[in-house]
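For reference, the structure discussed in these notes is given below.
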Amino acid sequence: MARSLTFRLFLGAAAFIGLLVLLAVVLSAAQFSLSLWQQLQSAPVWVVVLIASVASLMLGFGGWLIWLIVRPVRTRSAQARTPMTEAELEAHLEAAAATGIDVASARRELEELARRRQLEVIHLALFGEISSGKSSLINALLPGASVQTDVIGGTTTSIQHYHWRRESGDEVVLVDVPGLNQMQREYDQMVMEEAQRAHVVIFVCDSDLTRDEYLALQPLLELKKPLIVAFNKLDRYTTEDRRLIRQRLANRFADNPQVTIVGIATRPARRVIRADPDGTEHEEEQVLPPQIDELRAAVQSALDRNMSLLEHLRDTAVFALTARKLEQLKLDHRARKSAELVKTYTGRAVVGGLAAISPGTDILIQGYLGTRMVKSLCELYEVPAGELELQKLLTLTQKQVRTALPLLLAVAGNAAKAFPGVGTLAGGLMHAVAYGLIFDALGRAVVRTLETRGELRPIPVSLTFRDNLAVDVEKRARKMLRLALDIRKEQRDNE
């Protein structure tokens with residue numbers, strides 16, 4: 001009690017002192033304002049205008065600065081991208097193929113889409129946790145289909161397609177994908193591609209969703225397609241338990257109008273007592289007909305509501321899938337070609353080092369090879385390379401080269417010890433190794449910046465270049481020395 005009273009007295013005193021300080025600040029500000037106003041009334045007009053202009057500029061600059069600090073920043077990844085149309089995708093595929101990119105895998109998506117349009121077949125993708133009953137559901141929908149099931153679980157190890165003809169006569173393809181547990185708690189690229197190609201997604205569970213199931217559903221929800229959550233194994237629950245589970249599932253997806261909750265029992269069973277002819281009784285399990293009418297009705301409803309919309313959603317998802325594949329193909333192509341370019345210019349730098357008349361003949365400072373390499377990489381990544389950026393980049397890297405060159409020469413000399421007889425040769429070979437290290441580090445720095453930033457930024461490139469110079473330098477020096485020796489041997493053989 002005593003401590004509580006002391007603490008309250010301390011807070012009261014602090015509050016009183018704070019009010020006094022605030023009152024003093026307000027009175028001082030009022031006194032200053034009145035004094036300034038009186039002085040301005042007697043001051044010349046030009047002084048008043050000057051003070052007002054300066055105050056306005058300061059207030060404007062302060063407001064602009066505050067806006068820069070508090071405004072929301074829109075990153076490139078957060079900006080919404082307008083999905084490409086089929087015609088735009090075809091044009092991009094043609095343009096990419098013209099540059100030497102193998103676009104066959106991306107083009108196959110559009111060809112498969114065209115094939116499905118022509119067949120007018122409805123595709124349903126079945127997802128779910130291991131042993132949730134997906135295979136049993138297919139058996140219930142397709143009594144004649146040969147689908148392997150196992151009470152241990154995990155029998156679906158690859159994507160399988162099964163055909164089903166609805167009462168309306170439409171043909172439906174059920175796509176059964178591997179269970180969630182078999183893919184380290186997430187769906188791989190191949191499985192998600194099937195979801196994008198489908199009209200409707202069905203997620204089978206046998207109780208309220210686990211945390212892993214709920215997380216696995218998120219990428220499926222992002223497709224914005226009709227999604228049916230099929231609560232399986234109803235026969236194992238009481239009527240009240242079914243109601244509670246349905247309610248919890250409905251609450252989870254209250255903000256997702258594309259989600260429908262249904263209840264099913266793919267292999268319902270009950271325990272019955274059988275009497276033998278001799279009068280003895282025994283208990284056995286009686287298998288009942290599957291209860292899947294609610295699921296059939298939900299699928300029918302989803303397809304009947306707006307089939308043209310489902311086609312549009314499917315097409316849009318496939319277009320996005322094709323665009324992503326094309327983008328990945330471009331990235332792979334650029335990674336391959338950029339490595340080849342860096343290797344080519346590194347070799348030229350080594351050749352130039354071997355041909356240098358004196359140690360002062362520095363290829364990077366002359367700038368020609370360095371400029372050509374940077375421009376070639378920018379062309380590969382379709383990034384403009386302005387002369388100002390190039391000049392600034394070369395200026396920054398030249399400073400770092402002048403600092404690092406003695407160390408690189410020392411490392412090259414140390415690496416030469418692994419090659420008998422090389423250490424007694426002229427220093428031109430050591431400079432060739434140093435130049436190779438410089439161009440290799442610079443090329444990788446430019447590629448890194450173009451990949452991550454999408455533009456040529458001299459300062460980030462120079463910082464990455466500096467770091468690259470110090471990474472595995474001895475190992476890379478031995479590699480460059482081997483390259484230089486091979487080049488010099490080839491030159492001598494040609495002579």
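Ordering of the structure tokens sets the chain letters (A, B, ...); residue numbers start at 1 within each chain; ligands are numbered from 1 in the order shown.
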
### Task
Pick out the residues sitting within 10 Å of Thr344 in chain A, and hand them over as a PyMOL selection string; count only C-alpha atoms, and ignore anything fewer than 6 positions along from it in its own chain.
chain A and resi 338+350+373+439-440

Which residues of range 209-242 of chain A come within 6 Å of range 264-270 of chain A, and for each one, what is the closest pair of atoms and their distance in Å to one decimal, counting only C-alpha atoms, sorted by chain and residue number, as a Markdown table?
| residue | atom | partner | partner_atom | distance |
| --- | --- | --- | --- | --- |
| A:Phe231 | CA | A:Ile264 | CA | 5.9 |
| A:Asn232 | CA | A:Ile264 | CA | 4.8 |
| A:Lys233 | CA | A:Ala265 | CA | 4.5 |
| A:Leu234 | CA | A:Ala265 | CA | 5.3 |
| A:Asp235 | CA | A:Pro268 | CA | 5.7 |

Write the selection just made, keeping N, CA and C atoms, as a compact mmCIF listing (two decimals), in the first residue's frame?
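The result, stored in again.txt:
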# COMPACT_ATOMS: atom_id res chain seq x y z
N PHE A 231 -16.10 -32.24 -46.61
CA PHE A 231 -15.90 -32.80 -45.28
C PHE A 231 -16.27 -34.29 -45.34
N ASN A 232 -15.26 -35.16 -45.35
CA ASN A 232 -15.45 -36.58 -45.57
C ASN A 232 -15.62 -37.35 -44.24
N LYS A 233 -16.07 -38.60 -44.37
CA LYS A 233 -16.22 -39.55 -43.25
C LYS A 233 -17.27 -39.06 -42.24
N LEU A 234 -18.41 -38.61 -42.79
CA LEU A 234 -19.51 -38.15 -41.93
C LEU A 234 -19.99 -39.23 -40.99
N ASP A 235 -19.92 -40.49 -41.44
CA ASP A 235 -20.48 -41.58 -40.64
C ASP A 235 -19.75 -41.79 -39.32

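Among A:Gln258, A:Ser53, A:Gln160, A:Thr395, the residue with the shortest atom-to-atom distance to Val175 in chain A, counting only C-alpha atoms, is A:Gln160.
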
### Query
Looking at only C-alpha atoms, which of A:Gly60, A:Gly352, A:Pro458, A:Pro226 is the one that sits closest to Glu389 in chain A?
A:Pro458

### Query
If you run DSSP on this backbone, which residues of range 186-414 of chain A come out as helix (DSSP H, G or I), and could you give them as an NGL selection string?
:A and (189-197 or 211-221 or 234-236 or 239-252 or 293-305 or 307-354 or 363-366 or 368-380 or 387-414)

#### Entry: Close residues, range 473-484 of chain A itself excluded, 7 Å, only C-alpha atoms, min 3 positions apart in chain, as a PyMOL selection string
chain A and resi 350+411-412+415+432-433+436-437+469-470+487-488

Dump as a PDB file, in the first residue's frame, selection limited to N, CA and C atoms:
ATOM      1  N   VAL A 350      42.358 -11.736 -69.935  1.00  0.00           N
ATOM      2  CA  VAL A 350      43.593 -12.497 -69.713  1.00  0.00           C
ATOM      3  C   VAL A 350      44.510 -12.386 -70.925  1.00  0.00           C
ATOM      4  N   VAL A 411      48.396 -12.421 -54.697  1.00  0.00           N
ATOM      5  CA  VAL A 411      47.661 -13.687 -54.677  1.00  0.00           C
ATOM      6  C   VAL A 411      48.000 -14.506 -55.914  1.00  0.00           C
ATOM      7  N   ALA A 412      48.090 -13.829 -57.081  1.00  0.00           N
ATOM      8  CA  ALA A 412      48.451 -14.532 -58.312  1.00  0.00           C
ATOM      9  C   ALA A 412      49.841 -15.152 -58.185  1.00  0.00           C
ATOM     10  N   ALA A 415      49.563 -18.176 -56.049  1.00  0.00           N
ATOM     11  CA  ALA A 415      48.931 -19.282 -56.768  1.00  0.00           C
ATOM     12  C   ALA A 415      49.902 -19.936 -57.728  1.00  0.00           C
ATOM     13  N   ALA A 432      47.978 -10.869 -66.070  1.00  0.00           N
ATOM     14  CA  ALA A 432      46.881 -11.526 -66.781  1.00  0.00           C
ATOM     15  C   ALA A 432      45.926 -12.186 -65.793  1.00  0.00           C
ATOM     16  N   VAL A 433      46.493 -12.837 -64.772  1.00  0.00           N
ATOM     17  CA  VAL A 433      45.654 -13.458 -63.737  1.00  0.00           C
ATOM     18  C   VAL A 433      44.853 -12.389 -62.993  1.00  0.00           C
ATOM     19  N   GLY A 436      42.050 -11.161 -65.104  1.00  0.00           N
ATOM     20  CA  GLY A 436      40.976 -12.150 -65.152  1.00  0.00           C
ATOM     21  C   GLY A 436      40.112 -12.120 -63.911  1.00  0.00           C
ATOM     22  N   LEU A 437      40.735 -11.998 -62.740  1.00  0.00           N
ATOM     23  CA  LEU A 437      39.980 -11.900 -61.495  1.00  0.00           C
ATOM     24  C   LEU A 437      39.101 -10.658 -61.480  1.00  0.00           C
ATOM     25  N   LEU A 469      35.675  -9.468 -55.275  1.00  0.00           N
ATOM     26  CA  LEU A 469      37.129  -9.543 -55.371  1.00  0.00           C
ATOM     27  C   LEU A 469      37.741 -10.303 -54.203  1.00  0.00           C
ATOM     28  N   ALA A 470      37.054 -10.315 -53.075  1.00  0.00           N
ATOM     29  CA  ALA A 470      37.616 -10.922 -51.867  1.00  0.00           C
ATOM     30  C   ALA A 470      37.092 -12.328 -51.594  1.00  0.00           C
ATOM     31  N   ILE A 487      45.980 -20.394 -72.554  1.00  0.00           N
ATOM     32  CA  ILE A 487      45.925 -19.407 -73.641  1.00  0.00           C
ATOM     33  C   ILE A 487      47.322 -19.167 -74.207  1.00  0.00           C
ATOM     34  N   ARG A 488      48.295 -19.035 -73.323  1.00  0.00           N
ATOM     35  CA  ARG A 488      49.652 -18.772 -73.800  1.00  0.00           C
ATOM     36  C   ARG A 488      50.201 -19.975 -74.578  1.00  0.00           C
TER      37      ARG A 488
END

### Message
For a test of reading the model, state the distance in Å between CA of Val54 in chain A and CA of Leu23 in chain A, rounded to one decimal.
### Response
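About the pair CA of Val54 in chain A and CA of Leu23 in chain A: they are 28.3 Å apart.
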
### Message
Give me the residues near Gln196 in chain A as an NGL selection string, where near means some atom within 7 Å (using only C-alpha atoms) and where sequence neighbours in that chain fewer than 4 positions away do not count.
### Response
:A and (192 or 314 or 317-318)

### Query
Excluding same-chain residues fewer than 2 positions from Glu451 in chain A, what lies within 12 Å of it counting only C-alpha atoms, as JSON, numbers by chain?
{"A": [330, 331, 332, 334, 335, 338, 377, 378, 380, 381, 382, 383, 444, 445, 446, 447, 448, 449, 453, 454, 455, 456, 457, 461]}

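Picture a line from CA of Ala355 in chain A to CA of Gly370 in chain A; it runs 16.8 Å.
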
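The coordinates place CA of Leu369 in chain A at 17.0 Å from CA of Gln400 in chain A.
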